[in-house]
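The structure appears below as structure tokens.
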Amino acid sequence: NAGVMQNPRHLVRRRGQEARLRCSPMKGHSHVYWYRQLPEEGLKFMVYLQKENIIDESGMPKERFSAEFPKEGPSILRIQQVVRGDSAAYFCASSPGIGTGELFFGEGSRLTVL
Amino acid sequence: AQSVAQPEDQVNVAEGNPLTVKCTYSVSGNPYLFWYVQYPNRGLQFLLKYITGDNLVKGSYGFEAEFNKSQTSFHLKKPSALVSDSALYFCAVRDTYRGSQGNLIFGKGTKLSVKP
């Protein structure tokens with residue numbers, strides 16, 4: 001399967017724990033985007049990364065959230081000290097670069113904070 | 001500010017009837033416009049896009065969309081709806097502000113319900 005791979009698909013955490021969500025972009029894609037979808041809401045942009053660089057993190061909460069896309073391995077969205085309001089579906093998308101148009105989305109990681 | 005509006009939270013259509021899901025946009029410069037579909041507990045699937053050229057764009061699963069520059073609209077249409085078209089539909093525009101030129105700005109989504 002050459003699509004965008006996200007794992008875990010479902011993650012349950014207690015308040016105060018850490019959540020790590022992983023995303024492997026499509027083969028040949030070097031641009032990764034993270035979005036958050038809250039119940040009954042659309043997708044909100046969080047962060048845009050290229051290999052080893054954060055290009056735009058204007059949608060990321062200032063505290064507890066971080067993202068990386070290392071030279072080797074998947075992109076990781078990390079949420080420290082989770083709170084109930086972090087419960088959402090987190091989607092990763094990839095593209096081969098600027099100018100190509102559409103983004104290709106993974107199936108999402110659904111975080112539930114107890 | 002750049003934005004996308006989907007004025008209808010839900011659209012109900014009878015199977016076999018034509019459907020329209022509305023989208024209007026606000027963007028500086030020429031818009032790059034997209035439609036995606038999301039089935040329950042799934043990711044977003046690309047349906048079609050408008051970059052330039054013909055105002056009527058054809059996409060996957062028999063869907064099409066009409067770009068109207070004067071009305072800043074990009075409505076999604078299908079001549080004959082299927083029950084299997086029932087899903088959540090998102091309109092999006094590429095963000096060309098702040099140099100984030102790949103990111104998409106999404107509308108809130110419209111739930112399409114097609115009844116037999």
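Each chain in the structure tokens gets a letter, A, B, ..., in the order shown, and its residues are numbered from 1; ligands are numbered from 1 in order too.
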Requested in this report: Could you list the residues in chain B lying within 6 Å of chain A, using only C-alpha atoms, and format the result as a ChimeraX atom specification?
Outcome: /B:42-44,102,108-109
Query - Residues near Gln6 in chain B, cut-off 9 Å, only C-alpha atoms, skip fewer than 6 positions along chain, as a PyMOL selection string - result: chain B and resi 21-25+90-91+107-110
**Report entry** Distance query range 35-38 of chain B at most 9 Å, only C-alpha atoms, self and fewer than 4 positions along chain excluded, as an MDAnalysis selection string
**Finding:** chainID B and resid 42:49 65 74 76 87:93
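CA of Pro74 in chain A is positioned 26.7 Å from CA of Leu114 in chain A.
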